[in-house]
Amino acid sequence: LYSQLLELQDVEFVRIYENMTDITDTRGLPPHSFMAIIRGGTDTDIGNIVWNNKPLGIASFGTSTVTIRDSQNIERQVKFSRATPVPVYVNVVVTKTDNTFPDNGVDQIRAAIVNYINTRDTFGEDVIYTRLFTPVNSIPGHQVDVLEIGKTAESLASANLPMTWAEYPITFPEFVTVTLTT
């Protein structure tokens, strides 16, 4: 199931959770069920893969439902979940330390941060704010005076951003403020 979902066009990440117990688990999975959480792909493609790979008698679970037709042309409801994007806002203040800082260094720092956050190939993992120093420092000729992140522009802090088991971080250039001082 995992590998076939991951092979679908435009699928970026897959995680499969299962509950083999007799009680609902901490993620809300009913007893004896499984849930595929997917980032990317189309509902129909995902539904067909889930149906063709699910164990007999074990329910699929999730927040998305797709109707597929089985090999006997009977309509079946298949469930899975979509990973939830969480916006990440970033505030960086840097001081130019020498002439190696490029003329478009602010834009390069912004692009490096956006690329770093958006190319993470997982979800359910916290955004560790100190790891953002790496993309910021890939641009020469400055020092970092302030680095803050938050889920809103009003909640910025020099602290990690927690993600739940079904969330993934995403940002956009307009969410990243880079201020240059000299």
# chains A, B, ... in the order shown; residues from 1 in each chain; ligands from 1
>>> residues_around(residues="stretch 73-90 of chain A", least_positions_apart="6", cutoff="8 Å", atoms="only C-alpha atoms", output="ChimeraX atom specification")
/A:35-39,47,50-51,60-67,123,147-153,156,166-171,175-177
>>> write_last_selection(atoms="N, CA, C and O atoms", output="compact mmCIF listing (two decimals), in the first residue's frame")
# COMPACT_ATOMS: atom_id res chain seq x y z
N MET A 35 -5.25 3.88 8.35
CA MET A 35 -5.46 5.16 7.68
C MET A 35 -4.20 5.53 6.91
O MET A 35 -3.10 5.51 7.46
N ALA A 36 -4.39 5.84 5.65
CA ALA A 36 -3.32 6.38 4.82
C ALA A 36 -3.44 7.90 4.84
O ALA A 36 -4.52 8.43 4.60
N ILE A 37 -2.35 8.57 5.16
CA ILE A 37 -2.31 10.03 5.09
C ILE A 37 -1.40 10.37 3.93
O ILE A 37 -0.25 9.90 3.87
N ILE A 38 -1.92 11.19 3.02
CA ILE A 38 -1.21 11.45 1.77
C ILE A 38 -1.10 12.94 1.53
O ILE A 38 -2.02 13.70 1.80
N ARG A 39 0.04 13.31 0.98
CA ARG A 39 0.25 14.68 0.50
C ARG A 39 0.42 14.59 -1.02
O ARG A 39 1.38 14.02 -1.50
N GLY A 47 -7.86 6.29 -3.97
CA GLY A 47 -8.91 5.35 -3.60
C GLY A 47 -8.72 3.99 -4.23
O GLY A 47 -8.91 2.96 -3.56
N VAL A 50 -5.79 2.22 -2.44
CA VAL A 50 -6.19 1.78 -1.10
C VAL A 50 -7.09 0.55 -1.20
O VAL A 50 -6.88 -0.45 -0.51
N TRP A 51 -8.08 0.60 -2.08
CA TRP A 51 -9.00 -0.54 -2.22
C TRP A 51 -8.25 -1.80 -2.65
O TRP A 51 -8.48 -2.88 -2.10
N SER A 60 -10.82 0.86 6.02
CA SER A 60 -10.00 2.06 5.81
C SER A 60 -10.67 3.19 6.58
O SER A 60 -11.88 3.19 6.78
N PHE A 61 -9.87 4.14 7.03
CA PHE A 61 -10.40 5.24 7.84
C PHE A 61 -9.76 6.53 7.37
O PHE A 61 -8.62 6.53 6.88
N GLY A 62 -10.47 7.63 7.51
CA GLY A 62 -9.91 8.92 7.16
C GLY A 62 -10.98 9.98 7.00
O GLY A 62 -12.17 9.71 7.12
N THR A 63 -10.53 11.18 6.68
CA THR A 63 -11.43 12.32 6.54
C THR A 63 -11.90 12.52 5.10
O THR A 63 -12.79 13.31 4.86
N SER A 64 -11.29 11.83 4.15
CA SER A 64 -11.70 11.89 2.75
C SER A 64 -12.29 10.55 2.35
O SER A 64 -11.79 9.50 2.72
N THR A 65 -13.37 10.61 1.58
CA THR A 65 -14.02 9.39 1.10
C THR A 65 -14.13 9.48 -0.41
O THR A 65 -14.51 10.51 -0.95
N VAL A 66 -13.80 8.39 -1.08
CA VAL A 66 -13.94 8.31 -2.52
C VAL A 66 -14.70 7.02 -2.84
O VAL A 66 -14.52 6.00 -2.16
N THR A 67 -15.56 7.08 -3.83
CA THR A 67 -16.30 5.90 -4.27
C THR A 67 -15.57 5.30 -5.47
O THR A 67 -15.30 5.99 -6.44
N PHE A 123 5.76 14.87 7.17
CA PHE A 123 4.84 15.64 7.99
C PHE A 123 4.78 15.01 9.36
O PHE A 123 5.29 13.92 9.59
N LEU A 147 15.93 35.60 14.61
CA LEU A 147 15.29 34.57 13.81
C LEU A 147 14.09 34.07 14.61
O LEU A 147 14.24 33.53 15.70
N GLU A 148 12.89 34.29 14.04
CA GLU A 148 11.66 33.90 14.71
C GLU A 148 10.76 33.21 13.71
O GLU A 148 10.75 33.54 12.53
N ILE A 149 9.97 32.25 14.22
CA ILE A 149 8.99 31.56 13.38
C ILE A 149 7.67 31.46 14.14
O ILE A 149 7.64 31.53 15.37
N GLY A 150 6.59 31.30 13.37
CA GLY A 150 5.28 31.15 13.99
C GLY A 150 4.26 30.65 13.00
O GLY A 150 4.49 30.68 11.79
N LYS A 151 3.12 30.23 13.51
CA LYS A 151 2.03 29.77 12.65
C LYS A 151 1.17 30.94 12.17
O LYS A 151 0.34 30.77 11.29
N THR A 152 1.38 32.11 12.76
CA THR A 152 0.77 33.35 12.30
C THR A 152 1.83 34.43 12.40
O THR A 152 2.83 34.28 13.11
N ALA A 153 1.59 35.54 11.73
CA ALA A 153 2.53 36.66 11.79
C ALA A 153 2.57 37.27 13.20
O ALA A 153 3.55 37.91 13.57
N LEU A 156 5.08 35.04 16.29
CA LEU A 156 6.50 34.76 16.04
C LEU A 156 7.28 34.64 17.35
O LEU A 156 7.07 35.42 18.28
N ALA A 166 -0.49 14.75 11.58
CA ALA A 166 -1.03 14.85 10.22
C ALA A 166 -0.76 16.20 9.57
O ALA A 166 -1.33 16.51 8.54
N GLU A 167 0.11 17.02 10.14
CA GLU A 167 0.38 18.35 9.61
C GLU A 167 1.76 18.42 8.97
O GLU A 167 2.66 17.68 9.35
N TYR A 168 1.89 19.34 8.01
CA TYR A 168 3.20 19.63 7.43
C TYR A 168 3.34 21.13 7.23
O TYR A 168 2.36 21.83 6.99
N PRO A 169 4.57 21.64 7.37
CA PRO A 169 4.77 23.08 7.24
C PRO A 169 4.85 23.51 5.77
O PRO A 169 5.32 22.77 4.91
N ILE A 170 4.35 24.72 5.51
CA ILE A 170 4.46 25.31 4.18
C ILE A 170 4.58 26.82 4.35
O ILE A 170 4.01 27.39 5.29
N THR A 171 5.35 27.44 3.47
CA THR A 171 5.48 28.89 3.53
C THR A 171 5.52 29.45 2.12
O THR A 171 5.61 28.71 1.14
N PHE A 175 5.32 35.33 3.35
CA PHE A 175 5.29 34.98 4.78
C PHE A 175 6.66 35.14 5.43
O PHE A 175 6.79 34.94 6.64
N VAL A 176 7.67 35.46 4.65
CA VAL A 176 9.05 35.54 5.16
C VAL A 176 9.52 37.00 5.08
O VAL A 176 9.67 37.55 3.99
N THR A 177 9.75 37.58 6.23
CA THR A 177 10.26 38.95 6.32
C THR A 177 11.75 38.90 6.62
O THR A 177 12.15 38.29 7.62
>>> atom_distance(atom1="atom CA of A:Arg110", atom2="atom CA of A:Thr122")
21.4 Å
>>> atom_distance(atom1="atom CA of A:Ser138", atom2="atom CA of A:Ala159")
21.0 Å
>>> select_by_dssp(residues="chain A", states="strand (DSSP E or B)", output="number ranges by chain")
A: 13-19, 33-39, 59-60, 64-69, 75-82, 84-87, 89-96, 127, 142-150, 157, 161, 167-170, 176-181
>>> atom_distance(atom1="atom CA of A:Leu8", atom2="atom CA of A:Gly28")
26.4 Å
>>> residues_around(residues="stretch 18-24 of chain A", least_positions_apart="5", cutoff="8 Å", atoms="only C-alpha atoms", output="number ranges by chain")
A: 29-35
>>> write_last_selection(atoms="C-alpha atoms", output="short mmCIF file (atom, residue, chain, number, x, y, z; two decimals), in the first residue's frame")
data_model
loop_
_atom_site.label_atom_id
_atom_site.label_comp_id
_atom_site.auth_asym_id
_atom_site.auth_seq_id
_atom_site.Cartn_x
_atom_site.Cartn_y
_atom_site.Cartn_z
CA LEU A 29 -8.53 5.43 14.46
CA PRO A 30 -11.29 2.92 15.26
CA PRO A 31 -10.31 -0.58 16.39
CA HIS A 32 -8.83 -2.82 13.69
CA SER A 33 -8.53 -0.15 11.02
CA PHE A 34 -5.85 1.66 9.06
CA MET A 35 -5.46 5.16 7.68
#
>>> closest_residue(among="A:Gly40, A:Gly124, A:Gly57, A:Pro102", to="A:Trp165", atoms="only C-alpha atoms")
A:Gly124
>>> residues_around(residues="A:Ile49", least_positions_apart="6", cutoff="9 Å", atoms="only C-alpha atoms", output="list in words")
Leu1, Gln4 and Leu5 of chain A
>>> decode(residues="stretch 6-157 of chain A", atoms="C-alpha atoms", output="PDB file, in the first residue's frame")
ATOM      1  CA  LEU A   6       4.144   6.785  -3.128  1.00  0.00           C
ATOM      2  CA  GLU A   7       4.536   5.830  -6.790  1.00  0.00           C
ATOM      3  CA  LEU A   8       1.402   7.770  -7.811  1.00  0.00           C
ATOM      4  CA  GLN A   9       1.946  10.907  -9.848  1.00  0.00           C
ATOM      5  CA  ASP A  10       2.224  14.077  -7.717  1.00  0.00           C
ATOM      6  CA  VAL A  11       2.259  12.176  -4.408  1.00  0.00           C
ATOM      7  CA  GLU A  12       4.911  13.784  -2.245  1.00  0.00           C
ATOM      8  CA  PHE A  13       4.613  11.851   0.992  1.00  0.00           C
ATOM      9  CA  VAL A  14       2.673   8.940   2.487  1.00  0.00           C
ATOM     10  CA  ARG A  15       2.307   7.662   5.990  1.00  0.00           C
ATOM     11  CA  ILE A  16       0.209   4.651   7.014  1.00  0.00           C
ATOM     12  CA  TYR A  17      -1.166   4.324  10.533  1.00  0.00           C
ATOM     13  CA  GLU A  18      -2.905   1.228  11.804  1.00  0.00           C
ATOM     14  CA  ASN A  19      -4.797   0.400  14.952  1.00  0.00           C
ATOM     15  CA  MET A  20      -4.614  -3.286  15.788  1.00  0.00           C
ATOM     16  CA  THR A  21      -6.186  -2.846  19.226  1.00  0.00           C
ATOM     17  CA  ASP A  22      -9.765  -3.262  20.380  1.00  0.00           C
ATOM     18  CA  ILE A  23     -10.159   0.433  21.296  1.00  0.00           C
ATOM     19  CA  THR A  24      -9.985   3.723  19.392  1.00  0.00           C
ATOM     20  CA  ASP A  25      -6.401   5.006  19.465  1.00  0.00           C
ATOM     21  CA  THR A  26      -5.040   8.481  20.258  1.00  0.00           C
ATOM     22  CA  ARG A  27      -5.305   9.534  16.598  1.00  0.00           C
ATOM     23  CA  GLY A  28      -8.991   8.617  16.492  1.00  0.00           C
ATOM     24  CA  LEU A  29      -8.530   5.426  14.464  1.00  0.00           C
ATOM     25  CA  PRO A  30     -11.285   2.925  15.255  1.00  0.00           C
ATOM     26  CA  PRO A  31     -10.311  -0.577  16.388  1.00  0.00           C
ATOM     27  CA  HIS A  32      -8.830  -2.822  13.689  1.00  0.00           C
ATOM     28  CA  SER A  33      -8.528  -0.148  11.022  1.00  0.00           C
ATOM     29  CA  PHE A  34      -5.846   1.663   9.065  1.00  0.00           C
ATOM     30  CA  MET A  35      -5.460   5.158   7.685  1.00  0.00           C
ATOM     31  CA  ALA A  36      -3.316   6.379   4.823  1.00  0.00           C
ATOM     32  CA  ILE A  37      -2.311  10.031   5.088  1.00  0.00           C
ATOM     33  CA  ILE A  38      -1.209  11.446   1.770  1.00  0.00           C
ATOM     34  CA  ARG A  39       0.251  14.683   0.497  1.00  0.00           C
ATOM     35  CA  GLY A  40      -0.536  15.087  -3.207  1.00  0.00           C
ATOM     36  CA  GLY A  41      -2.144  12.813  -5.792  1.00  0.00           C
ATOM     37  CA  THR A  42      -5.757  12.549  -6.918  1.00  0.00           C
ATOM     38  CA  ASP A  43      -8.593  11.138  -4.822  1.00  0.00           C
ATOM     39  CA  THR A  44      -9.549   8.542  -7.451  1.00  0.00           C
ATOM     40  CA  ASP A  45      -6.014   7.216  -7.864  1.00  0.00           C
ATOM     41  CA  ILE A  46      -5.543   7.057  -4.098  1.00  0.00           C
ATOM     42  CA  GLY A  47      -8.915   5.353  -3.604  1.00  0.00           C
ATOM     43  CA  ASN A  48      -8.119   2.662  -6.166  1.00  0.00           C
ATOM     44  CA  ILE A  49      -4.712   1.927  -4.610  1.00  0.00           C
ATOM     45  CA  VAL A  50      -6.191   1.783  -1.096  1.00  0.00           C
ATOM     46  CA  TRP A  51      -8.997  -0.539  -2.223  1.00  0.00           C
ATOM     47  CA  ASN A  52      -6.679  -2.856  -4.156  1.00  0.00           C
ATOM     48  CA  ASN A  53      -4.254  -3.161  -1.242  1.00  0.00           C
ATOM     49  CA  LYS A  54      -6.431  -3.147   1.863  1.00  0.00           C
ATOM     50  CA  PRO A  55      -6.702  -6.361   3.860  1.00  0.00           C
ATOM     51  CA  LEU A  56     -10.072  -8.110   3.694  1.00  0.00           C
ATOM     52  CA  GLY A  57     -12.337  -7.233   6.584  1.00  0.00           C
ATOM     53  CA  ILE A  58     -10.197  -4.304   7.748  1.00  0.00           C
ATOM     54  CA  ALA A  59     -11.754  -0.867   7.403  1.00  0.00           C
ATOM     55  CA  SER A  60     -10.003   2.057   5.813  1.00  0.00           C
ATOM     56  CA  PHE A  61     -10.397   5.236   7.840  1.00  0.00           C
ATOM     57  CA  GLY A  62      -9.907   8.921   7.164  1.00  0.00           C
ATOM     58  CA  THR A  63     -11.431  12.319   6.542  1.00  0.00           C
ATOM     59  CA  SER A  64     -11.700  11.894   2.745  1.00  0.00           C
ATOM     60  CA  THR A  65     -14.017   9.394   1.097  1.00  0.00           C
ATOM     61  CA  VAL A  66     -13.942   8.308  -2.521  1.00  0.00           C
ATOM     62  CA  THR A  67     -16.299   5.896  -4.273  1.00  0.00           C
ATOM     63  CA  ILE A  68     -14.615   3.325  -6.485  1.00  0.00           C
ATOM     64  CA  ARG A  69     -15.894   0.290  -8.363  1.00  0.00           C
ATOM     65  CA  ASP A  70     -14.407  -3.065  -7.474  1.00  0.00           C
ATOM     66  CA  SER A  71     -13.677  -5.922  -9.902  1.00  0.00           C
ATOM     67  CA  GLN A  72     -17.358  -6.943  -9.779  1.00  0.00           C
ATOM     68  CA  ASN A  73     -18.470  -3.373 -10.600  1.00  0.00           C
ATOM     69  CA  ILE A  74     -19.824  -2.823  -7.074  1.00  0.00           C
ATOM     70  CA  GLU A  75     -19.436   0.657  -5.622  1.00  0.00           C
ATOM     71  CA  ARG A  76     -17.172   0.767  -2.570  1.00  0.00           C
ATOM     72  CA  GLN A  77     -16.408   3.607  -0.191  1.00  0.00           C
ATOM     73  CA  VAL A  78     -12.700   4.031   0.517  1.00  0.00           C
ATOM     74  CA  LYS A  79     -11.367   6.429   3.134  1.00  0.00           C
ATOM     75  CA  PHE A  80      -8.013   8.130   3.609  1.00  0.00           C
ATOM     76  CA  SER A  81      -6.793  11.465   4.944  1.00  0.00           C
ATOM     77  CA  ARG A  82      -5.001  14.413   3.456  1.00  0.00           C
ATOM     78  CA  ALA A  83      -2.056  15.874   5.292  1.00  0.00           C
ATOM     79  CA  THR A  84      -2.888  19.346   6.591  1.00  0.00           C
ATOM     80  CA  PRO A  85      -0.674  22.245   5.506  1.00  0.00           C
ATOM     81  CA  VAL A  86       0.300  24.627   8.305  1.00  0.00           C
ATOM     82  CA  PRO A  87       1.531  28.097   7.321  1.00  0.00           C
ATOM     83  CA  VAL A  88       4.937  29.097   8.639  1.00  0.00           C
ATOM     84  CA  TYR A  89       5.793  32.766   9.070  1.00  0.00           C
ATOM     85  CA  VAL A  90       9.426  33.760   9.464  1.00  0.00           C
ATOM     86  CA  ASN A  91      11.073  36.975  10.626  1.00  0.00           C
ATOM     87  CA  VAL A  92      14.811  37.373  10.125  1.00  0.00           C
ATOM     88  CA  VAL A  93      16.949  40.404  10.907  1.00  0.00           C
ATOM     89  CA  VAL A  94      20.493  40.309   9.558  1.00  0.00           C
ATOM     90  CA  THR A  95      23.376  42.748   9.707  1.00  0.00           C
ATOM     91  CA  LYS A  96      25.701  43.082   6.757  1.00  0.00           C
ATOM     92  CA  THR A  97      29.223  42.257   7.945  1.00  0.00           C
ATOM     93  CA  ASP A  98      31.222  42.616   4.732  1.00  0.00           C
ATOM     94  CA  ASN A  99      31.064  43.178   0.976  1.00  0.00           C
ATOM     95  CA  THR A 100      30.433  39.505   0.190  1.00  0.00           C
ATOM     96  CA  PHE A 101      26.762  40.077   0.987  1.00  0.00           C
ATOM     97  CA  PRO A 102      25.087  40.092  -2.452  1.00  0.00           C
ATOM     98  CA  ASP A 103      23.038  43.022  -3.688  1.00  0.00           C
ATOM     99  CA  ASN A 104      20.007  40.693  -3.733  1.00  0.00           C
ATOM    100  CA  GLY A 105      21.015  38.954  -0.491  1.00  0.00           C
ATOM    101  CA  VAL A 106      17.677  39.651   1.193  1.00  0.00           C
ATOM    102  CA  ASP A 107      15.843  37.946  -1.669  1.00  0.00           C
ATOM    103  CA  GLN A 108      18.320  35.040  -1.601  1.00  0.00           C
ATOM    104  CA  ILE A 109      17.795  34.538   2.141  1.00  0.00           C
ATOM    105  CA  ARG A 110      14.013  34.617   1.664  1.00  0.00           C
ATOM    106  CA  ALA A 111      14.221  32.089  -1.196  1.00  0.00           C
ATOM    107  CA  ALA A 112      16.539  29.819   0.811  1.00  0.00           C
ATOM    108  CA  ILE A 113      14.091  29.768   3.737  1.00  0.00           C
ATOM    109  CA  VAL A 114      11.080  29.091   1.504  1.00  0.00           C
ATOM    110  CA  ASN A 115      12.943  26.294  -0.253  1.00  0.00           C
ATOM    111  CA  TYR A 116      14.093  24.734   3.018  1.00  0.00           C
ATOM    112  CA  ILE A 117      10.608  24.691   4.575  1.00  0.00           C
ATOM    113  CA  ASN A 118       8.740  23.615   1.446  1.00  0.00           C
ATOM    114  CA  THR A 119      11.054  20.781   0.421  1.00  0.00           C
ATOM    115  CA  ARG A 120      10.731  18.855   3.662  1.00  0.00           C
ATOM    116  CA  ASP A 121       9.502  15.447   2.570  1.00  0.00           C
ATOM    117  CA  THR A 122       7.601  14.557   5.675  1.00  0.00           C
ATOM    118  CA  PHE A 123       4.837  15.640   7.993  1.00  0.00           C
ATOM    119  CA  GLY A 124       4.119  15.263  11.649  1.00  0.00           C
ATOM    120  CA  GLU A 125       7.557  16.597  12.567  1.00  0.00           C
ATOM    121  CA  ASP A 126       8.144  19.873  14.377  1.00  0.00           C
ATOM    122  CA  VAL A 127       9.862  22.744  12.602  1.00  0.00           C
ATOM    123  CA  ILE A 128      13.079  23.221  14.560  1.00  0.00           C
ATOM    124  CA  TYR A 129      13.752  26.925  14.381  1.00  0.00           C
ATOM    125  CA  THR A 130      17.531  26.633  14.806  1.00  0.00           C
ATOM    126  CA  ARG A 131      17.711  24.541  11.628  1.00  0.00           C
ATOM    127  CA  LEU A 132      16.622  27.639   9.708  1.00  0.00           C
ATOM    128  CA  PHE A 133      20.030  29.145  10.427  1.00  0.00           C
ATOM    129  CA  THR A 134      21.453  26.788   7.776  1.00  0.00           C
ATOM    130  CA  PRO A 135      19.544  28.212   4.790  1.00  0.00           C
ATOM    131  CA  VAL A 136      19.945  31.771   6.128  1.00  0.00           C
ATOM    132  CA  ASN A 137      23.692  31.297   6.511  1.00  0.00           C
ATOM    133  CA  SER A 138      24.054  29.847   3.018  1.00  0.00           C
ATOM    134  CA  ILE A 139      24.204  33.491   1.907  1.00  0.00           C
ATOM    135  CA  PRO A 140      27.583  35.081   2.805  1.00  0.00           C
ATOM    136  CA  GLY A 141      28.441  38.422   4.367  1.00  0.00           C
ATOM    137  CA  HIS A 142      26.026  38.814   7.263  1.00  0.00           C
ATOM    138  CA  GLN A 143      25.233  37.848  10.813  1.00  0.00           C
ATOM    139  CA  VAL A 144      21.821  36.790  12.088  1.00  0.00           C
ATOM    140  CA  ASP A 145      20.486  39.106  14.785  1.00  0.00           C
ATOM    141  CA  VAL A 146      16.914  37.764  15.026  1.00  0.00           C
ATOM    142  CA  LEU A 147      15.285  34.568  13.811  1.00  0.00           C
ATOM    143  CA  GLU A 148      11.657  33.905  14.712  1.00  0.00           C
ATOM    144  CA  ILE A 149       8.991  31.556  13.381  1.00  0.00           C
ATOM    145  CA  GLY A 150       5.276  31.148  13.995  1.00  0.00           C
ATOM    146  CA  LYS A 151       2.026  29.771  12.646  1.00  0.00           C
ATOM    147  CA  THR A 152       0.767  33.348  12.298  1.00  0.00           C
ATOM    148  CA  ALA A 153       2.532  36.663  11.794  1.00  0.00           C
ATOM    149  CA  GLU A 154       1.441  37.599  15.323  1.00  0.00           C
ATOM    150  CA  SER A 155       2.832  34.487  17.032  1.00  0.00           C
ATOM    151  CA  LEU A 156       6.496  34.755  16.044  1.00  0.00           C
ATOM    152  CA  ALA A 157       9.037  33.449  18.557  1.00  0.00           C
TER     153      ALA A 157
END
